[in-house]
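Visitor: data.pdb is the file, holding PDB, C-alpha atoms and all ligand atoms:
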ATOM      1  CA  MET A   1       0.000   0.000   0.000
ATOM      2  CA  ARG A   2       0.942   3.650  -0.424
ATOM      3  CA  LEU A   3       1.051   6.197   2.417
ATOM      4  CA  PHE A   4       1.459   9.960   2.383
ATOM      5  CA  ASP A   5       1.155  11.028   6.035
ATOM      6  CA  LEU A   6       0.754  14.771   6.592
ATOM      7  CA  HIS A   7       2.011  14.991  10.165
ATOM      8  CA  CYS A   8       4.293  13.329  12.688
ATOM      9  CA  ASP A   9       6.468  14.605  15.536
ATOM     10  CA  THR A  10       9.164  11.976  15.142
ATOM     11  CA  ALA A  11      11.945  14.458  14.258
ATOM     12  CA  GLY A  12      11.662  16.212  17.631
ATOM     13  CA  GLU A  13      11.433  12.933  19.546
ATOM     14  CA  CYS A  14      14.598  11.609  17.868
ATOM     15  CA  TYR A  15      16.367  14.868  18.731
ATOM     16  CA  ASN A  16      15.148  15.210  22.326
ATOM     17  CA  GLN A  17      15.457  11.534  23.259
ATOM     18  CA  LYS A  18      18.710  11.113  21.284
ATOM     19  CA  ILE A  19      17.462   8.021  19.500
ATOM     20  CA  PRO A  20      18.002   6.885  15.943
ATOM     21  CA  LEU A  21      15.430   7.158  13.163
ATOM     22  CA  ASN A  22      16.288   3.785  11.699
ATOM     23  CA  LEU A  23      15.276   1.599  14.615
ATOM     24  CA  ASN A  24      13.516   2.770  17.776
ATOM     25  CA  ASP A  25      10.450   2.317  19.973
ATOM     26  CA  LEU A  26       8.597   5.280  18.497
ATOM     27  CA  HIS A  27       5.564   5.106  16.202
ATOM     28  CA  ILE A  28       7.815   5.745  13.241
ATOM     29  CA  ASP A  29      11.111   4.177  12.398
ATOM     30  CA  LEU A  30      12.467   3.242   9.000
ATOM     31  CA  ARG A  31      12.220  -0.471   9.656
ATOM     32  CA  LYS A  32       8.489  -0.224  10.405
ATOM     33  CA  GLY A  33       7.971   1.545   7.074
ATOM     34  CA  GLU A  34       9.332  -1.415   5.157
ATOM     35  CA  CYS A  35       5.796  -2.822   4.873
ATOM     36  CA  LEU A  36       4.778   0.118   2.639
ATOM     37  CA  ASP A  37       5.140   0.020  -1.137
ATOM     38  CA  LYS A  38       5.449   3.772  -1.326
ATOM     39  CA  TRP A  39       5.879   6.134   1.618
ATOM     40  CA  GLN A  40       5.924   9.917   1.716
ATOM     41  CA  GLN A  41       6.051  11.368   5.202
ATOM     42  CA  PHE A  42       5.881  14.908   6.525
ATOM     43  CA  PHE A  43       8.297  15.345   9.420
ATOM     44  CA  ALA A  44       7.218  18.402  11.404
ATOM     45  CA  VAL A  45       9.598  20.256  13.663
ATOM     46  CA  TRP A  46       7.335  21.153  16.562
ATOM     47  CA  ILE A  47       8.179  24.515  18.131
ATOM     48  CA  PRO A  48       7.106  24.541  21.806
ATOM     49  CA  ASP A  49       5.138  27.664  22.770
ATOM     50  CA  SER A  50       7.938  28.603  25.181
ATOM     51  CA  PHE A  51      10.254  29.364  22.211
ATOM     52  CA  ARG A  52       9.830  32.583  20.291
ATOM     53  CA  GLY A  53      11.895  34.566  17.792
ATOM     54  CA  LYS A  54      15.594  33.685  17.650
ATOM     55  CA  ALA A  55      15.187  30.900  20.241
ATOM     56  CA  ALA A  56      12.522  29.293  18.017
ATOM     57  CA  LEU A  57      14.731  29.480  14.937
ATOM     58  CA  ASP A  58      17.719  28.066  16.856
ATOM     59  CA  TYR A  59      15.618  25.148  18.073
ATOM     60  CA  PHE A  60      14.268  24.516  14.570
ATOM     61  CA  GLU A  61      17.814  24.438  13.179
ATOM     62  CA  ARG A  62      19.024  22.009  15.859
ATOM     63  CA  VAL A  63      16.178  19.550  15.269
ATOM     64  CA  LEU A  64      16.580  19.854  11.501
ATOM     65  CA  LEU A  65      20.331  19.255  11.673
ATOM     66  CA  ASN A  66      19.716  16.109  13.697
ATOM     67  CA  LEU A  67      17.046  14.936  11.217
ATOM     68  CA  LYS A  68      19.360  15.569   8.271
ATOM     69  CA  ASN A  69      22.132  13.596  10.006
ATOM     70  CA  GLU A  70      19.734  10.701  10.548
ATOM     71  CA  ILE A  71      18.657  10.875   6.911
ATOM     72  CA  SER A  72      22.212  10.929   5.601
ATOM     73  CA  GLN A  73      23.093   7.897   7.729
ATOM     74  CA  ASN A  74      20.180   5.981   6.221
ATOM     75  CA  ASN A  75      20.243   7.254   2.688
ATOM     76  CA  ASP A  76      19.358   3.896   1.201
ATOM     77  CA  LYS A  77      16.033   4.051   3.106
ATOM     78  CA  ILE A  78      15.109   7.720   3.310
ATOM     79  CA  GLN A  79      15.738  10.909   1.379
ATOM     80  CA  LEU A  80      14.669  14.470   2.018
ATOM     81  CA  TYR A  81      12.317  15.678  -0.692
ATOM     82  CA  GLN A  82      14.255  18.131  -2.845
ATOM     83  CA  GLY A  83      12.036  18.900  -5.796
ATOM     84  CA  PHE A  84       9.107  17.777  -7.830
ATOM     85  CA  SER A  85      11.233  15.727 -10.229
ATOM     86  CA  ALA A  86      12.332  13.532  -7.325
ATOM     87  CA  LEU A  87       8.726  12.489  -6.825
ATOM     88  CA  LYS A  88       8.612  11.004 -10.285
ATOM     89  CA  GLU A  89      11.521   8.710  -9.632
ATOM     90  CA  GLU A  90      10.807   5.085  -8.994
ATOM     91  CA  HIS A  91      10.285   4.332  -5.368
ATOM     92  CA  LYS A  92      11.876   1.291  -3.780
ATOM     93  CA  THR A  93       9.537  -0.637  -1.509
ATOM     94  CA  GLY A  94       9.852   0.621   2.059
ATOM     95  CA  GLU A  95      11.797   3.712   1.071
ATOM     96  CA  CYS A  96      10.684   7.002   2.613
ATOM     97  CA  LYS A  97      10.514  10.401   0.942
ATOM     98  CA  ALA A  98      10.681  12.906   3.784
ATOM     99  CA  PHE A  99       8.884  16.255   3.496
ATOM    100  CA  LEU A 100       9.720  19.008   5.945
ATOM    101  CA  ALA A 101       7.162  20.990   7.969
ATOM    102  CA  VAL A 102       7.338  23.344  10.930
ATOM    103  CA  GLU A 103       4.596  23.236  13.569
ATOM    104  CA  GLY A 104       4.356  26.728  15.010
ATOM    105  CA  GLY A 105       5.553  29.480  12.649
ATOM    106  CA  SER A 106       7.648  31.449  15.146
ATOM    107  CA  PRO A 107      11.018  30.652  13.487
ATOM    108  CA  PHE A 108       9.846  32.330  10.280
ATOM    109  CA  ALA A 109       7.749  35.183  11.703
ATOM    110  CA  PHE A 110       9.776  38.038  10.252
ATOM    111  CA  ASP A 111       9.916  39.898   6.956
ATOM    112  CA  ALA A 112      12.042  37.484   4.937
ATOM    113  CA  GLY A 113      10.811  34.475   6.933
ATOM    114  CA  ALA A 114       9.081  32.650   4.094
ATOM    115  CA  ARG A 115      12.190  32.955   1.950
ATOM    116  CA  LEU A 116      14.315  31.418   4.712
ATOM    117  CA  ALA A 117      11.750  28.627   5.151
ATOM    118  CA  LYS A 118      12.004  27.964   1.423
ATOM    119  CA  GLU A 119      15.809  27.752   1.691
ATOM    120  CA  TYR A 120      15.384  25.144   4.400
ATOM    121  CA  ASN A 121      13.064  23.210   2.069
ATOM    122  CA  VAL A 122      10.038  23.685   4.343
ATOM    123  CA  LYS A 123       6.906  22.752   2.379
ATOM    124  CA  LEU A 124       4.314  23.315   5.092
ATOM    125  CA  ILE A 125       4.003  25.773   7.980
ATOM    126  CA  THR A 126       1.494  25.177  10.773
ATOM    127  CA  LEU A 127       0.931  28.831  11.640
ATOM    128  CA  THR A 128       0.516  28.448  15.392
ATOM    129  CA  TRP A 129       0.598  25.742  18.004
ATOM    130  CA  ASN A 130      -1.959  26.004  20.826
ATOM    131  CA  ALA A 131      -1.015  29.421  22.259
ATOM    132  CA  GLU A 132      -0.537  32.865  20.744
ATOM    133  CA  ASN A 133       2.575  33.538  18.683
ATOM    134  CA  GLU A 134       3.831  36.336  16.435
ATOM    135  CA  LEU A 135       1.498  35.247  13.613
ATOM    136  CA  GLY A 136      -1.805  34.668  15.354
ATOM    137  CA  PHE A 137      -3.714  32.842  18.050
ATOM    138  CA  GLY A 138      -3.873  29.104  18.669
ATOM    139  CA  CYS A 139      -7.012  27.236  19.688
ATOM    140  CA  GLN A 140      -6.009  27.378  23.385
ATOM    141  CA  SER A 141      -5.030  31.066  23.399
ATOM    142  CA  GLY A 142      -8.435  32.226  24.632
ATOM    143  CA  SER A 143      -8.542  34.847  21.892
ATOM    144  CA  ASP A 144     -11.141  35.178  19.148
ATOM    145  CA  ALA A 145      -8.946  37.519  17.119
ATOM    146  CA  GLY A 146      -7.822  36.729  13.588
ATOM    147  CA  LEU A 147      -4.280  36.534  12.271
ATOM    148  CA  LYS A 148      -1.871  39.317  13.147
ATOM    149  CA  PRO A 149      -0.359  41.521  10.392
ATOM    150  CA  ALA A 150       2.800  39.343  10.489
ATOM    151  CA  GLY A 151       0.646  36.245   9.917
ATOM    152  CA  LYS A 152      -1.121  37.785   6.941
ATOM    153  CA  SER A 153       2.155  38.987   5.479
ATOM    154  CA  LEU A 154       3.796  35.562   5.894
ATOM    155  CA  LEU A 155       0.800  33.941   4.154
ATOM    156  CA  ARG A 156       1.196  36.283   1.171
ATOM    157  CA  ASP A 157       4.846  35.276   0.846
ATOM    158  CA  MET A 158       3.996  31.586   1.333
ATOM    159  CA  ARG A 159       1.439  31.862  -1.466
ATOM    160  CA  ASP A 160       4.083  33.356  -3.782
ATOM    161  CA  LEU A 161       6.796  30.877  -2.746
ATOM    162  CA  LYS A 162       4.527  27.809  -2.907
ATOM    163  CA  ILE A 163       4.694  26.863   0.746
ATOM    164  CA  ALA A 164       1.440  25.404   2.055
ATOM    165  CA  ALA A 165      -0.272  26.792   5.166
ATOM    166  CA  ASP A 166      -1.530  24.478   7.879
ATOM    167  CA  VAL A 167      -4.519  25.597   9.980
ATOM    168  CA  SER A 168      -4.456  22.720  12.493
ATOM    169  CA  HIS A 169      -4.108  24.307  15.979
ATOM    170  CA  LEU A 170      -5.331  27.771  14.866
ATOM    171  CA  ASN A 171      -8.352  29.431  16.427
ATOM    172  CA  ARG A 172     -11.475  29.859  14.269
ATOM    173  CA  ALA A 173     -10.876  33.475  13.228
ATOM    174  CA  GLY A 174      -7.325  32.671  12.153
ATOM    175  CA  PHE A 175      -8.660  29.750  10.128
ATOM    176  CA  TYR A 176     -10.930  32.038   8.100
ATOM    177  CA  ASP A 177      -8.122  34.544   7.516
ATOM    178  CA  ALA A 178      -5.845  31.752   6.267
ATOM    179  CA  VAL A 179      -8.461  30.269   3.930
ATOM    180  CA  SER A 180      -9.145  33.669   2.351
ATOM    181  CA  SER A 181      -5.421  34.507   1.976
ATOM    182  CA  GLY A 182      -4.909  32.830  -1.379
ATOM    183  CA  ALA A 183      -2.244  30.497   0.032
ATOM    184  CA  ALA A 184      -2.688  26.740  -0.385
ATOM    185  CA  VAL A 185      -4.335  25.693   2.894
ATOM    186  CA  ILE A 186      -4.665  22.342   4.622
ATOM    187  CA  ALA A 187      -5.564  21.026   8.074
ATOM    188  CA  SER A 188      -2.750  18.500   8.399
ATOM    189  CA  HIS A 189      -3.967  16.737  11.553
ATOM    190  CA  SER A 190      -7.519  17.679  12.592
ATOM    191  CA  ASN A 191     -10.749  15.752  13.059
ATOM    192  CA  CYS A 192     -14.474  16.551  13.051
ATOM    193  CA  GLU A 193     -15.983  18.485  15.943
ATOM    194  CA  SER A 194     -19.518  17.221  15.281
ATOM    195  CA  VAL A 195     -18.427  13.562  15.424
ATOM    196  CA  LEU A 196     -16.606  14.233  18.672
ATOM    197  CA  ILE A 197     -19.652  15.917  20.229
ATOM    198  CA  LYS A 198     -21.825  12.919  19.345
ATOM    199  CA  THR A 199     -19.430  10.228  20.504
ATOM    200  CA  ARG A 200     -17.438  11.637  23.410
ATOM    201  CA  LYS A 201     -18.348  10.740  26.935
ATOM    202  CA  ASP A 202     -17.983  13.512  29.447
ATOM    203  CA  SER A 203     -14.381  14.491  29.912
ATOM    204  CA  GLU A 204     -12.451  17.484  31.156
ATOM    205  CA  ASP A 205     -10.539  17.849  27.901
ATOM    206  CA  LYS A 206     -13.606  17.629  25.685
ATOM    207  CA  PHE A 207     -13.673  21.371  25.228
ATOM    208  CA  PHE A 208     -10.060  21.417  24.041
ATOM    209  CA  ALA A 209     -10.578  18.425  21.747
ATOM    210  CA  CYS A 210     -13.517  20.224  20.130
ATOM    211  CA  ARG A 211     -11.575  23.451  19.669
ATOM    212  CA  ARG A 212      -8.733  21.447  18.074
ATOM    213  CA  SER A 213     -11.253  19.968  15.619
ATOM    214  CA  LEU A 214     -12.993  21.350  12.541
ATOM    215  CA  ASN A 215     -16.670  22.239  12.497
ATOM    216  CA  ASP A 216     -18.759  21.384   9.440
ATOM    217  CA  GLU A 217     -18.489  24.877   7.981
ATOM    218  CA  GLN A 218     -14.694  24.685   8.157
ATOM    219  CA  ILE A 219     -14.681  21.228   6.580
ATOM    220  CA  LYS A 220     -16.878  22.484   3.730
ATOM    221  CA  LEU A 221     -14.567  25.459   3.179
ATOM    222  CA  LEU A 222     -11.513  23.184   2.974
ATOM    223  CA  ILE A 223     -13.393  21.053   0.440
ATOM    224  CA  GLU A 224     -14.318  24.172  -1.546
ATOM    225  CA  CYS A 225     -10.759  25.480  -1.661
ATOM    226  CA  ARG A 226      -9.399  22.014  -2.551
ATOM    227  CA  GLY A 227      -7.313  21.690   0.582
ATOM    228  CA  LEU A 228      -6.655  18.568   2.630
ATOM    229  CA  ILE A 229      -7.864  17.231   5.959
ATOM    230  CA  GLY A 230      -5.531  14.696   7.572
ATOM    231  CA  ILE A 231      -7.273  12.460  10.099
ATOM    232  CA  ASN A 232      -5.481  12.631  13.458
ATOM    233  CA  PHE A 233      -5.056   9.338  15.364
ATOM    234  CA  CYS A 234      -4.867  11.009  18.800
ATOM    235  CA  ARG A 235      -7.200   9.136  21.092
ATOM    236  CA  SER A 236      -8.948  12.152  22.606
ATOM    237  CA  PHE A 237      -9.373  13.863  19.224
ATOM    238  CA  LEU A 238     -10.965  10.714  17.795
ATOM    239  CA  GLY A 239     -13.309  10.277  20.750
ATOM    240  CA  ASP A 240     -11.888   6.784  21.128
ATOM    241  CA  TYR A 241     -12.326   5.420  24.619
ATOM    242  CA  GLY A 242     -12.537   1.699  24.082
ATOM    243  CA  ASP A 243     -10.884  -0.712  21.724
ATOM    244  CA  ASP A 244     -12.515   1.032  18.826
ATOM    245  CA  GLY A 245      -9.574   2.900  17.294
ATOM    246  CA  PHE A 246     -10.396   1.764  13.777
ATOM    247  CA  GLU A 247     -14.128   2.439  14.232
ATOM    248  CA  ALA A 248     -13.403   5.917  15.566
ATOM    249  CA  ILE A 249     -11.288   6.740  12.534
ATOM    250  CA  TYR A 250     -13.999   5.395  10.258
ATOM    251  CA  ARG A 251     -16.603   7.664  11.926
ATOM    252  CA  HIS A 252     -14.557  10.789  11.218
ATOM    253  CA  MET A 253     -13.736   9.717   7.669
ATOM    254  CA  ALA A 254     -17.372   8.852   6.922
ATOM    255  CA  HIS A 255     -18.474  12.277   8.142
ATOM    256  CA  ILE A 256     -16.029  14.105   5.867
ATOM    257  CA  LEU A 257     -17.070  11.880   2.961
ATOM    258  CA  ASP A 258     -20.743  12.671   3.683
ATOM    259  CA  LEU A 259     -19.911  16.371   3.371
ATOM    260  CA  GLY A 260     -18.364  15.722  -0.065
ATOM    261  CA  GLY A 261     -14.725  15.426   0.985
ATOM    262  CA  GLU A 262     -13.606  12.473  -1.138
ATOM    263  CA  ASN A 263     -10.817  14.537  -2.699
ATOM    264  CA  VAL A 264      -9.565  16.242   0.474
ATOM    265  CA  LEU A 265      -9.576  13.382   2.973
ATOM    266  CA  ALA A 266      -6.080  12.241   3.981
ATOM    267  CA  ILE A 267      -4.011  10.907   6.871
ATOM    268  CA  GLY A 268      -2.332  13.178   9.457
ATOM    269  CA  SER A 269      -1.421  10.531  12.007
ATOM    270  CA  ASP A 270       0.258  12.729  14.648
ATOM    271  CA  PHE A 271       2.602   9.790  15.235
ATOM    272  CA  ASP A 272       5.025  10.417  18.101
ATOM    273  CA  GLY A 273       3.061  13.497  19.150
ATOM    274  CA  CYS A 274       0.164  12.058  21.150
ATOM    275  CA  GLU A 275      -1.441   9.032  22.777
ATOM    276  CA  ILE A 276      -2.646   6.594  20.130
ATOM    277  CA  ASN A 277      -4.683   3.398  20.455
ATOM    278  CA  PRO A 278      -2.229   0.441  20.313
ATOM    279  CA  CYS A 279      -3.994  -0.991  17.242
ATOM    280  CA  LEU A 280      -2.960   2.157  15.321
ATOM    281  CA  ALA A 281       0.256   3.021  17.071
ATOM    282  CA  GLY A 282       2.853   2.737  14.330
ATOM    283  CA  VAL A 283       3.384   3.250  10.654
ATOM    284  CA  ASP A 284       3.461  -0.564  10.354
ATOM    285  CA  LYS A 285      -0.210  -0.655  11.466
ATOM    286  CA  MET A 286      -1.415   1.185   8.353
ATOM    287  CA  PRO A 287      -2.116  -1.975   6.317
ATOM    288  CA  ASP A 288      -4.419  -3.127   9.174
ATOM    289  CA  LEU A 289      -6.315   0.179   9.053
ATOM    290  CA  ALA A 290      -6.641  -0.050   5.267
ATOM    291  CA  ALA A 291      -7.956  -3.624   5.583
ATOM    292  CA  PHE A 292     -10.493  -2.475   8.168
ATOM    293  CA  LEU A 293     -11.746   0.341   5.919
ATOM    294  CA  SER A 294     -12.062  -2.163   3.098
ATOM    295  CA  SER A 295     -14.137  -4.423   5.384
ATOM    296  CA  LYS A 296     -16.454  -1.427   5.982
ATOM    297  CA  GLY A 297     -17.140  -1.315   2.233
ATOM    298  CA  MET A 298     -14.692   1.387   1.130
ATOM    299  CA  GLN A 299     -13.449   0.772  -2.393
ATOM    300  CA  GLU A 300      -9.706   0.278  -2.959
ATOM    301  CA  GLU A 301      -9.558   3.406  -5.095
ATOM    302  CA  LEU A 302     -11.016   5.549  -2.303
ATOM    303  CA  ILE A 303      -8.700   4.001   0.274
ATOM    304  CA  ASP A 304      -5.704   4.854  -1.911
ATOM    305  CA  LYS A 305      -6.977   8.427  -2.293
ATOM    306  CA  ILE A 306      -7.211   8.819   1.479
ATOM    307  CA  PHE A 307      -3.877   7.200   2.285
ATOM    308  CA  PHE A 308      -1.868   8.683  -0.536
ATOM    309  CA  LYS A 309      -3.294  10.131  -3.710
ATOM    310  CA  ASN A 310      -5.163  13.196  -2.409
ATOM    311  CA  ALA A 311      -2.107  14.457  -0.541
ATOM    312  CA  ASP A 312       0.213  13.573  -3.421
ATOM    313  CA  ASN A 313      -1.998  15.456  -5.913
ATOM    314  CA  PHE A 314      -2.221  18.481  -3.640
ATOM    315  CA  PHE A 315       1.519  18.849  -3.164
ATOM    316  CA  LYS A 316       2.354  18.040  -6.785
ATOM    317  CA  ASN A 317      -0.085  20.775  -7.827
ATOM    318  CA  ILE A 318       1.236  23.477  -5.566
ATOM    319  CA  LEU A 319       4.882  22.541  -6.011
ATOM    320  CA  GLN A 320       4.602  22.401  -9.786
ATOM    321  CA  GLN A 321       3.017  25.814 -10.269
TER     322      GLN A 321
HETATM  323 ZN    ZN A 401      -0.075  19.130  16.425
END
Could you write out this file's structure as structure tokens?
Guide:
Amino acid sequence: MRLFDLHCDTAGECYNQKIPLNLNDLHIDLRKGECLDKWQQFFAVWIPDSFRGKAALDYFERVLLNLKNEISQNNDKIQLYQGFSALKEEHKTGECKAFLAVEGGSPFAFDAGARLAKEYNVKLITLTWNAENELGFGCQSGSDAGLKPAGKSLLRDMRDLKIAADVSHLNRAGFYDAVSSGAAVIASHSNCESVLIKTRKDSEDKFFACRRSLNDEQIKLLIECRGLIGINFCRSFLGDYGDDGFEAIYRHMAHILDLGGENVLAIGSDFDGCEINPCLAGVDKMPDLAAFLSSKGMQEELIDKIFFKNADNFFKNILQQ
């Protein structure tokens, strides 16, 4: 099977825990990916909300340097995506094409920030994490304000430089500003608020899980602007309390499909960034999830769109222009 996963936090975990990318106990290592026929993976460098400005850029550079070292030591199994032509090359089974993202746009929140991001080969910027930063307000910031001038200006440059904008973690007002900016917009790892409301039992973090999720109007807007919605495997964002990890994912996927999202639905696992049901907890579990979706009556073609083709089309389109 083919996988194009829009979000994982593995790069930061390898850096902070000083563990190798090739073989480890994380959700992602290169050995686990050997079961995939074709594998394209976004590696996000997560910027903690405690880092801003120069400290954020320094941290980004340290994590990236470590990731690049890991990649160069395993070059037979993984390469950093360099350009569109590389995507057309034949893929060896189990080989990973790594795409670079930054989660929290602080490192690039200055005038020439988008240009620097481009130099670093960043293809996707998640504008905020949960709190406020220089660009705007995250879903936990407590603010209903839209993007700041620096956020709007960065989006204009991202649009011109073909870097996609990620609205996962943003507050609602920031979401609408991003969608109307003209930049290519996705929600790399976000689920459906309405499914969560229906299925969640009472819980203290329900409010947060809902704010981290997309309401139906947002989902419809992402469909309209031909974005992507990557389903997040995080237990509390799925509303998964039992052994129903696969069922919970199916509920969110079915809802997006009901709203007309066949061409935007994708995977944004959040591997190595959250608590995940053991049945889903690893890139090597993806064939089991695909088999489950098939058993629910999803056609192979649709399954391939969700796991790979929608995301591949999106990034080929924006990177080619
Ligand atoms: Zn995240």
Visitor: Within 9 Å of ligand ZN 401 (chain A), which residues show up when you count only C-alpha atoms and all ligand atoms? List them as number ranges by chain, please.
Guide: A: 7-9, 44, 46, 103-104, 126, 129-130, 168-169, 188-190, 232, 270, 273-274
Visitor: Looking at A:Glu61, A:Glu301, A:Glu70, A:Asp216, which one is nearest to A:Leu196, with distances taken over all atoms listed in the file?
Guide: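 Looking only at the distances to A:Leu196, the closest residue turns out to be A:Asp216.
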Visitor: Just how far from atom CA of A:Glu300 is atom CA of A:Asn191, in Å to one decimal?
Guide: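 Taking atom CA of A:Asn191 as the start and atom CA of A:Glu300 as the end point, the length is 22.3 Å.
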Visitor: Can you spell out as a list in words the set of residues that the PyMOL selection byres (((chain A and resi 31) around 12) and not hetatm) selects in the structure I just provided?
Guide: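 Expected selection for the PyMOL selection byres (((chain A and resi 31) around 12) and not hetatm) here is Pro20, Leu21, Asn22, Leu23, Asn24, Asp25, Leu26, His27, Ile28, Asp29, Leu30, Lys32, Gly33, Glu34, Cys35, Leu36, Asn74, Asp76, Lys77, Ile78, Thr93, Gly94, Glu95, Cys96, Gly282, Val283 and Asp284 of chain A.
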Visitor: From the options A:Arg115, A:Arg211, A:Arg235, A:Arg52, which residue's atoms come nearest to A:Leu135, counting all atoms listed in the file?
Guide: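 Going through A:Arg115, A:Arg211, A:Arg235, A:Arg52 one by one, the smallest distance to A:Leu135 is for A:Arg52.
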Visitor: Excluding A:Cys210 and any residue of its chain fewer than 3 positions from it, enumerate the residues within 12 Å of it, using only C-alpha atoms, and give them as a ChimeraX atom specification.
Guide: /A:139-140,169,171-172,190-200,203-207,213-216,236-239
Visitor: Run the PyMOL selection byres (((chain A and resi 179) around 12) and not hetatm) against the file shown and list the residues it catches, as a ChimeraX atom specification.
Guide: /A:146-147,152,155-156,159,164-167,170,172-178,180-187,218-228
Visitor: I'd like the contact shell of A:Ala254 - 12 Å cut-off, all atoms listed in the file, skipping same-chain residues fewer than 2 positions apart - returned as a list in words.
Guide: Asn191, Cys192, Val195, Ile231, Glu247, Ala248, Ile249, Tyr250, Arg251, His252, Ile256, Leu257, Asp258, Leu259, Gly260, Gly261, Glu262, Leu265, Leu293, Lys296, Gly297, Met298, Leu302, Ile303 and Ile306 of chain A
Visitor: What are the centre and the three edge lengths of an axis-aligned box that wraps all atoms of stretch 258-267 of chain A in the file, given that 6 Å is added to every side, written as AutoDock Vina command-line options and rounded to one decimal in Å?
Guide:
--center_x -12.4 --center_y 13.6 --center_z 2.1 --size_x 28.7 --size_y 17.5 --size_z 21.6
Visitor: For a quick check of your reading of the model, name the residues lying within 9 Å of the coordinate (-2.4, 11.1, -1.9), counting all atoms listed in the file, and write them as a PyMOL selection string.
Guide: chain A and resi 2-5+265-267+304-315
Visitor: Between A:Glu132, A:Phe137, A:Gln17, A:Gly105, which is the closest to A:Leu154 once you count all atoms listed in the file?
Guide: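 Selected residue with least distance to A:Leu154: A:Gly105.
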Visitor: I'd like the interatomic distance between atom CA of A:Ala150 and atom CA of A:Pro48, to a tenth of an Å.
Guide: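 About the pair atom CA of A:Ala150 and atom CA of A:Pro48: they are 19.1 Å apart.
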Visitor: Can you work out the spacing between atom CA of A:Glu134 and atom CA of A:Phe43 in Å, to one decimal?
Guide: 22.6 Å
Visitor: I'd like to see the residues matched by the PyMOL selection byres (((chain A and resi 120) around 12) and not hetatm) on this file, and ideally I'd get them as a PyMOL selection string.
Guide: chain A and resi 45+57+60-61+64-65+68+80-82+99-102+107-108+113-119+121-125+163
Visitor: Please produce a file of those selected residues containing C-alpha atoms, as a PDB file, keeping the file's coordinate frame.
Guide:
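Generated output (result_38.pdb):
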ATOM      1  CA  VAL A  45       9.598  20.256  13.663  1.00  0.00           C
ATOM      2  CA  LEU A  57      14.731  29.480  14.937  1.00  0.00           C
ATOM      3  CA  PHE A  60      14.268  24.516  14.570  1.00  0.00           C
ATOM      4  CA  GLU A  61      17.814  24.438  13.179  1.00  0.00           C
ATOM      5  CA  LEU A  64      16.580  19.854  11.501  1.00  0.00           C
ATOM      6  CA  LEU A  65      20.331  19.255  11.673  1.00  0.00           C
ATOM      7  CA  LYS A  68      19.360  15.569   8.271  1.00  0.00           C
ATOM      8  CA  LEU A  80      14.669  14.470   2.018  1.00  0.00           C
ATOM      9  CA  TYR A  81      12.317  15.678  -0.692  1.00  0.00           C
ATOM     10  CA  GLN A  82      14.255  18.131  -2.845  1.00  0.00           C
ATOM     11  CA  PHE A  99       8.884  16.255   3.496  1.00  0.00           C
ATOM     12  CA  LEU A 100       9.720  19.008   5.945  1.00  0.00           C
ATOM     13  CA  ALA A 101       7.162  20.990   7.969  1.00  0.00           C
ATOM     14  CA  VAL A 102       7.338  23.344  10.930  1.00  0.00           C
ATOM     15  CA  PRO A 107      11.018  30.652  13.487  1.00  0.00           C
ATOM     16  CA  PHE A 108       9.846  32.330  10.280  1.00  0.00           C
ATOM     17  CA  GLY A 113      10.811  34.475   6.933  1.00  0.00           C
ATOM     18  CA  ALA A 114       9.081  32.650   4.094  1.00  0.00           C
ATOM     19  CA  ARG A 115      12.190  32.955   1.950  1.00  0.00           C
ATOM     20  CA  LEU A 116      14.315  31.418   4.712  1.00  0.00           C
ATOM     21  CA  ALA A 117      11.750  28.627   5.151  1.00  0.00           C
ATOM     22  CA  LYS A 118      12.004  27.964   1.423  1.00  0.00           C
ATOM     23  CA  GLU A 119      15.809  27.752   1.691  1.00  0.00           C
ATOM     24  CA  ASN A 121      13.064  23.210   2.069  1.00  0.00           C
ATOM     25  CA  VAL A 122      10.038  23.685   4.343  1.00  0.00           C
ATOM     26  CA  LYS A 123       6.906  22.752   2.379  1.00  0.00           C
ATOM     27  CA  LEU A 124       4.314  23.315   5.092  1.00  0.00           C
ATOM     28  CA  ILE A 125       4.003  25.773   7.980  1.00  0.00           C
ATOM     29  CA  ILE A 163       4.694  26.863   0.746  1.00  0.00           C
TER      30      ILE A 163
END
Visitor: What's the 9 Å shell around A:Val63, counting all atoms listed in the file, without same-chain residues fewer than 5 positions away, as a ChimeraX atom specification?
Guide: /A:11-12,14-16,45,58,68
Visitor: A:Lys162, A:Leu6, A:Ala98, A:Asn66: which is nearest A:Asn317, counting all atoms listed in the file?
Guide: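 Under the stated criterion, the closest residue is A:Lys162.
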Visitor: Taking the partial coordinates given, rebuild stretch 233-238 of chain A to contain N, CA and C atoms; return it as a short mmCIF file (atom, residue, chain, number, x, y, z; two decimals), in the coordinates of the input.
Guide:
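This went into out.cif:
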data_model
loop_
_atom_site.label_atom_id
_atom_site.label_comp_id
_atom_site.auth_asym_id
_atom_site.auth_seq_id
_atom_site.Cartn_x
_atom_site.Cartn_y
_atom_site.Cartn_z
N PHE A 233 -4.81 10.59 14.64
CA PHE A 233 -5.06 9.34 15.36
C PHE A 233 -5.10 9.53 16.89
N CYS A 234 -4.88 10.74 17.35
CA CYS A 234 -4.87 11.01 18.80
C CYS A 234 -6.19 10.54 19.42
N ARG A 235 -6.03 9.78 20.49
CA ARG A 235 -7.20 9.14 21.09
C ARG A 235 -8.29 10.14 21.48
N SER A 236 -7.91 11.22 22.13
CA SER A 236 -8.95 12.15 22.61
C SER A 236 -9.55 12.96 21.45
N PHE A 237 -8.81 13.13 20.37
CA PHE A 237 -9.37 13.86 19.22
C PHE A 237 -10.27 12.96 18.38
N LEU A 238 -10.09 11.65 18.51
CA LEU A 238 -10.96 10.71 17.80
C LEU A 238 -12.25 10.45 18.58
#
